[in-house]
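Below: one structure, written as structure tokens.
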Amino acid sequence: MSSLKILVIPGSLRTGSLNARLAATAAYELAQAGAEVTRISLADFPLPIFDGDLQNKSGVPKNAVNLKRMIGVHHGVLIVTPEYNSSVPPLVKNTIDWVSRVQDAHETRGQVFRERAFAIAAASESHATVIPNQLALSFAGQAYDDIDRLKHPADVESLGALVQQLIDVSQRMM
């Protein structure tokens with residue numbers, strides 16, 4: 001059996017970044033747990049701001065292709081990203097936008113994201129309470145019925161757990 005390969009991507013380039021430090025710590029923990037770890041810097045994969053017209057004119061940048069292929073040789077990916085205005089920073093979003101456009105001849109667009117496990121971690125000094133439950137709705141195009149309700153029991157259960165946890169934690173903070 002081949003060893004488990006995990007790619008760790010810090011979503012910050014700033015010197016002394018708390019998220020880059022967390023990525024280094026996570027990479028160490030993953031290695032201690034027996035994984036073969038690759039930690040990269042997105043500074044080594046510079047990309048222009050995503051623009052569909054630029055893609056049509058020039059194709060997908062080589063760095064997006066290289067990063068997509070790097071993701072493709074790993075079984076799992078940990079993205080350690082700062083939070084910017086309740087979202088991921090532009091660096092992370094732009095990288096995902098470009099990588100999602102890479103399509104090798106033998107695959108569908110975005111296939112690299114569907115064939116491995118992803119985890120997200122973040123370090124912050126804001127002391128925000130973030131509930132641990134998350135919802136990742138797979139095959140969202142087929143997930144809804146005619147009145148925009150989730151049709152699959154597992155999805156309904158996942159959403160219910162998220163909603164309930166948000167309510168419970170919010171009520172405790174009142």
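All residue names refer to the structure tokens as shown: chains lettered A, B, ... in order, residues numbered from 1 in each chain, ligands numbered from 1 in order.
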Mind checking which residues fall within 12 Å of Glu125 (chain A), counting only C-alpha atoms, ignoring those fewer than 3 positions away in the same chain, and posting them as a CSV table (one decimal) with all heavy atoms, in the first residue's frame?
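Generated file (part.csv):
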chain,number,residue,atom,x,y,z
A,17,SER,N,2.8,35.2,9.3
A,17,SER,CA,1.4,34.9,9.3
A,17,SER,C,1.0,33.8,10.3
A,17,SER,O,1.7,32.7,10.3
A,17,SER,CB,1.0,34.4,7.9
A,17,SER,OG,-0.2,33.7,7.9
A,18,LEU,N,0.0,34.0,11.1
A,18,LEU,CA,-0.5,33.0,12.0
A,18,LEU,C,-1.0,31.8,11.3
A,18,LEU,O,-0.8,30.7,11.8
A,18,LEU,CB,-1.6,33.6,12.9
A,18,LEU,CG,-1.1,34.7,13.8
A,18,LEU,CD1,-2.3,35.3,14.5
A,18,LEU,CD2,-0.1,34.3,14.8
A,19,ASN,N,-1.5,32.0,10.1
A,19,ASN,CA,-2.0,30.8,9.3
A,19,ASN,C,-0.9,30.0,8.7
A,19,ASN,O,-1.0,28.8,8.7
A,19,ASN,CB,-3.0,31.3,8.3
A,19,ASN,CG,-4.3,31.7,8.9
A,19,ASN,OD1,-5.2,30.8,9.2
A,19,ASN,ND2,-4.5,32.9,9.2
A,82,PRO,N,-6.7,32.4,6.2
A,82,PRO,CA,-7.3,33.5,7.1
A,82,PRO,C,-8.7,33.7,6.7
A,82,PRO,O,-9.2,33.3,5.6
A,82,PRO,CB,-6.4,34.7,6.7
A,82,PRO,CG,-5.3,34.2,5.9
A,82,PRO,CD,-5.7,32.9,5.4
A,83,GLU,N,-9.5,34.4,7.5
A,83,GLU,CA,-10.8,34.8,7.2
A,83,GLU,C,-10.8,36.3,6.9
A,83,GLU,O,-10.2,37.1,7.6
A,83,GLU,CB,-11.7,34.6,8.5
A,83,GLU,CG,-13.1,35.0,8.3
A,83,GLU,CD,-13.3,36.5,8.8
A,83,GLU,OE1,-12.6,36.9,9.7
A,83,GLU,OE2,-14.2,37.2,8.2
A,122,ALA,N,-8.1,27.5,10.2
A,122,ALA,CA,-7.8,28.9,10.2
A,122,ALA,C,-7.3,29.3,11.6
A,122,ALA,O,-7.7,28.7,12.6
A,122,ALA,CB,-9.1,29.7,9.9
A,128,ALA,N,-13.6,35.1,17.4
A,128,ALA,CA,-15.0,34.8,16.9
A,128,ALA,C,-15.3,33.3,17.3
A,128,ALA,O,-14.5,32.4,17.2
A,128,ALA,CB,-15.1,35.0,15.4
A,129,THR,N,-16.6,33.1,17.6
A,129,THR,CA,-17.0,31.7,17.9
A,129,THR,C,-17.5,31.1,16.6
A,129,THR,O,-18.4,31.7,15.9
A,129,THR,CB,-18.2,31.7,18.9
A,129,THR,OG1,-17.7,32.3,20.1
A,129,THR,CG2,-18.7,30.3,19.1
Considering only C-alpha atoms, tabulate each residue of region 71-137 of chain A that lies at most 6 Å from region 4-16 of chain A along with its nearest interatomic pair and the corresponding distance in Å to one decimal; arrange the rows by chain and ascending residue number and present them as CSV.
residue,atom,partner,partner_atom,distance
A:His74,CA,A:Lys5,CA,4.8
A:His75,CA,A:Lys5,CA,5.3
A:Gly76,CA,A:Ile6,CA,4.8
A:Val77,CA,A:Leu7,CA,4.7
A:Leu78,CA,A:Val8,CA,4.8
A:Ile79,CA,A:Ile9,CA,4.8
A:Val80,CA,A:Pro10,CA,4.7
A:Thr81,CA,A:Gly11,CA,4.4
A:Val92,CA,A:Gly11,CA,5.6
With N, CA, C and O atoms retained, could you export that selection as an mmCIF file, in the first residue's frame?
data_model
loop_
_atom_site.group_PDB
_atom_site.id
_atom_site.type_symbol
_atom_site.label_atom_id
_atom_site.label_comp_id
_atom_site.auth_asym_id
_atom_site.auth_seq_id
_atom_site.Cartn_x
_atom_site.Cartn_y
_atom_site.Cartn_z
ATOM 1 N N HIS A 74 -1.919 14.010 -4.515
ATOM 2 C CA HIS A 74 -2.110 13.877 -3.077
ATOM 3 C C HIS A 74 -3.490 13.291 -2.796
ATOM 4 O O HIS A 74 -4.429 13.492 -3.563
ATOM 5 N N HIS A 75 -3.609 12.587 -1.697
ATOM 6 C CA HIS A 75 -4.881 11.970 -1.310
ATOM 7 C C HIS A 75 -5.774 12.951 -0.560
ATOM 8 O O HIS A 75 -6.993 12.784 -0.522
ATOM 9 N N GLY A 76 -5.175 13.931 0.085
ATOM 10 C CA GLY A 76 -5.913 14.912 0.861
ATOM 11 C C GLY A 76 -5.219 16.255 0.804
ATOM 12 O O GLY A 76 -4.023 16.347 0.515
ATOM 13 N N VAL A 77 -5.995 17.304 1.064
ATOM 14 C CA VAL A 77 -5.479 18.675 1.023
ATOM 15 C C VAL A 77 -5.986 19.413 2.253
ATOM 16 O O VAL A 77 -7.179 19.368 2.557
ATOM 17 N N LEU A 78 -5.079 20.086 2.945
ATOM 18 C CA LEU A 78 -5.441 20.958 4.052
ATOM 19 C C LEU A 78 -5.143 22.389 3.616
ATOM 20 O O LEU A 78 -4.000 22.723 3.322
ATOM 21 N N ILE A 79 -6.188 23.202 3.572
ATOM 22 C CA ILE A 79 -6.026 24.627 3.265
ATOM 23 C C ILE A 79 -6.136 25.377 4.586
ATOM 24 O O ILE A 79 -7.148 25.278 5.280
ATOM 25 N N VAL A 80 -5.086 26.096 4.947
ATOM 26 C CA VAL A 80 -5.075 26.880 6.181
ATOM 27 C C VAL A 80 -5.213 28.336 5.762
ATOM 28 O O VAL A 80 -4.278 28.926 5.234
ATOM 29 N N THR A 81 -6.396 28.870 5.968
ATOM 30 C CA THR A 81 -6.719 30.156 5.373
ATOM 31 C C THR A 81 -7.197 31.182 6.384
ATOM 32 O O THR A 81 -8.002 30.865 7.257
ATOM 33 N N VAL A 92 -6.690 32.876 -1.917
ATOM 34 C CA VAL A 92 -7.221 31.512 -1.918
ATOM 35 C C VAL A 92 -8.331 31.375 -2.955
ATOM 36 O O VAL A 92 -8.352 30.423 -3.737
#
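Comparing A:Val65, A:Ala161, A:Leu166, A:Met173 by their smallest distance to Asp97 (chain A), the closest is A:Val65 (using only C-alpha atoms).
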Of the candidates A:Ile49, A:Leu159, A:Gln103, A:Pro89, which one gets nearest to Asn66 (chain A) if we count only C-alpha atoms? A:Gln103
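Proximity of A:Met174, A:Val112, A:Ala136, A:Val102 to Val156 (chain A), computed with only C-alpha atoms, is greatest for A:Ala136.
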What is the CA of Ala27 (chain A)-CA of Lys68 (chain A) distance in Å, reported with one decimal? 19.6 Å
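Reported to one decimal place, the separation of CA of Arg172 (chain A) from CA of Ile131 (chain A) is 12.3 Å.
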What is the distance, in Å and to one decimal place, between CA of Ala64 (chain A) and CA of Ser41 (chain A)? 13.3 Å
Enumerate the residues of chain A with a DSSP assignment of helix (DSSP H, G or I), computed from the backbone, and present them as a ChimeraX atom specification. /A:18-32,42-44,52-58,62-72,90-99,111-114,140-142,153-172
I'd like to know which residues of region 17-101 of chain A are strand (DSSP E) (by DSSP, run on the backbone); could you write them as a ChimeraX atom specification? /A:36-39,76-80
Requested write-out: all heavy atoms of the selected residues, as an mmCIF file, in the first residue's frame:
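Final output, result_3.cif:
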data_model
loop_
_atom_site.group_PDB
_atom_site.id
_atom_site.type_symbol
_atom_site.label_atom_id
_atom_site.label_comp_id
_atom_site.auth_asym_id
_atom_site.auth_seq_id
_atom_site.Cartn_x
_atom_site.Cartn_y
_atom_site.Cartn_z
ATOM 1 N N GLU A 36 2.707 11.320 4.398
ATOM 2 C CA GLU A 36 3.766 11.973 3.633
ATOM 3 C C GLU A 36 3.232 13.357 3.297
ATOM 4 O O GLU A 36 2.218 13.488 2.611
ATOM 5 C CB GLU A 36 4.052 11.179 2.359
ATOM 6 C CG GLU A 36 5.160 11.752 1.520
ATOM 7 C CD GLU A 36 5.392 10.928 0.258
ATOM 8 O OE1 GLU A 36 5.306 9.685 0.316
ATOM 9 O OE2 GLU A 36 5.640 11.554 -0.791
ATOM 10 N N VAL A 37 3.892 14.406 3.799
ATOM 11 C CA VAL A 37 3.348 15.759 3.734
ATOM 12 C C VAL A 37 4.161 16.621 2.781
ATOM 13 O O VAL A 37 5.392 16.612 2.802
ATOM 14 C CB VAL A 37 3.324 16.411 5.131
ATOM 15 C CG1 VAL A 37 2.763 17.820 5.065
ATOM 16 C CG2 VAL A 37 2.531 15.555 6.107
ATOM 17 N N THR A 38 3.452 17.392 1.970
ATOM 18 C CA THR A 38 4.050 18.425 1.145
ATOM 19 C C THR A 38 3.409 19.736 1.556
ATOM 20 O O THR A 38 2.184 19.862 1.534
ATOM 21 C CB THR A 38 3.774 18.180 -0.351
ATOM 22 O OG1 THR A 38 4.219 16.868 -0.706
ATOM 23 C CG2 THR A 38 4.458 19.222 -1.210
ATOM 24 N N ARG A 39 4.235 20.704 1.970
ATOM 25 C CA ARG A 39 3.709 22.032 2.307
ATOM 26 C C ARG A 39 4.262 23.002 1.271
ATOM 27 O O ARG A 39 5.462 23.034 1.021
ATOM 28 C CB ARG A 39 4.125 22.453 3.714
ATOM 29 C CG ARG A 39 3.539 23.798 4.119
ATOM 30 C CD ARG A 39 3.693 24.068 5.609
ATOM 31 N NE ARG A 39 5.008 23.826 6.138
ATOM 32 C CZ ARG A 39 5.882 24.791 6.466
ATOM 33 N NH1 ARG A 39 5.579 26.056 6.300
ATOM 34 N NH2 ARG A 39 7.051 24.465 6.956
ATOM 35 N N GLY A 76 -5.175 13.931 0.085
ATOM 36 C CA GLY A 76 -5.913 14.912 0.861
ATOM 37 C C GLY A 76 -5.219 16.255 0.804
ATOM 38 O O GLY A 76 -4.023 16.347 0.515
ATOM 39 N N VAL A 77 -5.995 17.304 1.064
ATOM 40 C CA VAL A 77 -5.479 18.675 1.023
ATOM 41 C C VAL A 77 -5.986 19.413 2.253
ATOM 42 O O VAL A 77 -7.179 19.368 2.557
ATOM 43 C CB VAL A 77 -5.941 19.414 -0.248
ATOM 44 C CG1 VAL A 77 -5.435 20.848 -0.266
ATOM 45 C CG2 VAL A 77 -5.505 18.667 -1.509
ATOM 46 N N LEU A 78 -5.079 20.086 2.945
ATOM 47 C CA LEU A 78 -5.441 20.958 4.052
ATOM 48 C C LEU A 78 -5.143 22.389 3.616
ATOM 49 O O LEU A 78 -4.000 22.723 3.322
ATOM 50 C CB LEU A 78 -4.648 20.616 5.314
ATOM 51 C CG LEU A 78 -4.815 21.589 6.488
ATOM 52 C CD1 LEU A 78 -6.264 21.646 6.962
ATOM 53 C CD2 LEU A 78 -3.868 21.223 7.620
ATOM 54 N N ILE A 79 -6.188 23.202 3.572
ATOM 55 C CA ILE A 79 -6.026 24.627 3.265
ATOM 56 C C ILE A 79 -6.136 25.377 4.586
ATOM 57 O O ILE A 79 -7.148 25.278 5.280
ATOM 58 C CB ILE A 79 -7.096 25.118 2.269
ATOM 59 C CG1 ILE A 79 -6.996 24.340 0.951
ATOM 60 C CG2 ILE A 79 -6.948 26.620 2.030
ATOM 61 C CD1 ILE A 79 -8.114 24.622 -0.031
ATOM 62 N N VAL A 80 -5.086 26.096 4.947
ATOM 63 C CA VAL A 80 -5.075 26.880 6.181
ATOM 64 C C VAL A 80 -5.213 28.336 5.762
ATOM 65 O O VAL A 80 -4.278 28.926 5.234
ATOM 66 C CB VAL A 80 -3.789 26.638 6.994
ATOM 67 C CG1 VAL A 80 -3.860 27.396 8.311
ATOM 68 C CG2 VAL A 80 -3.578 25.146 7.238
#
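Around Asn94 (chain A), within 9 Å and counting only C-alpha atoms, the residues found are Leu47, Pro48, Ile49, Phe50, Pro89, Pro90, Trp98 and Val99 of chain A, once anything fewer than 4 positions away on its own chain is removed.
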Selection from above, C-alpha atoms, as a CSV table (one decimal), in the first residue's frame, can you write it?
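So selection.csv came out as:
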chain,number,residue,atom,x,y,z
A,47,LEU,CA,-1.6,33.7,-10.9
A,48,PRO,CA,-3.3,36.7,-12.5
A,49,ILE,CA,-6.7,37.7,-11.2
A,50,PHE,CA,-9.2,35.2,-12.7
A,89,PRO,CA,-9.0,35.9,1.2
A,90,PRO,CA,-8.7,36.8,-2.5
A,98,TRP,CA,-8.0,29.1,-11.7
A,99,VAL,CA,-7.3,25.5,-10.6
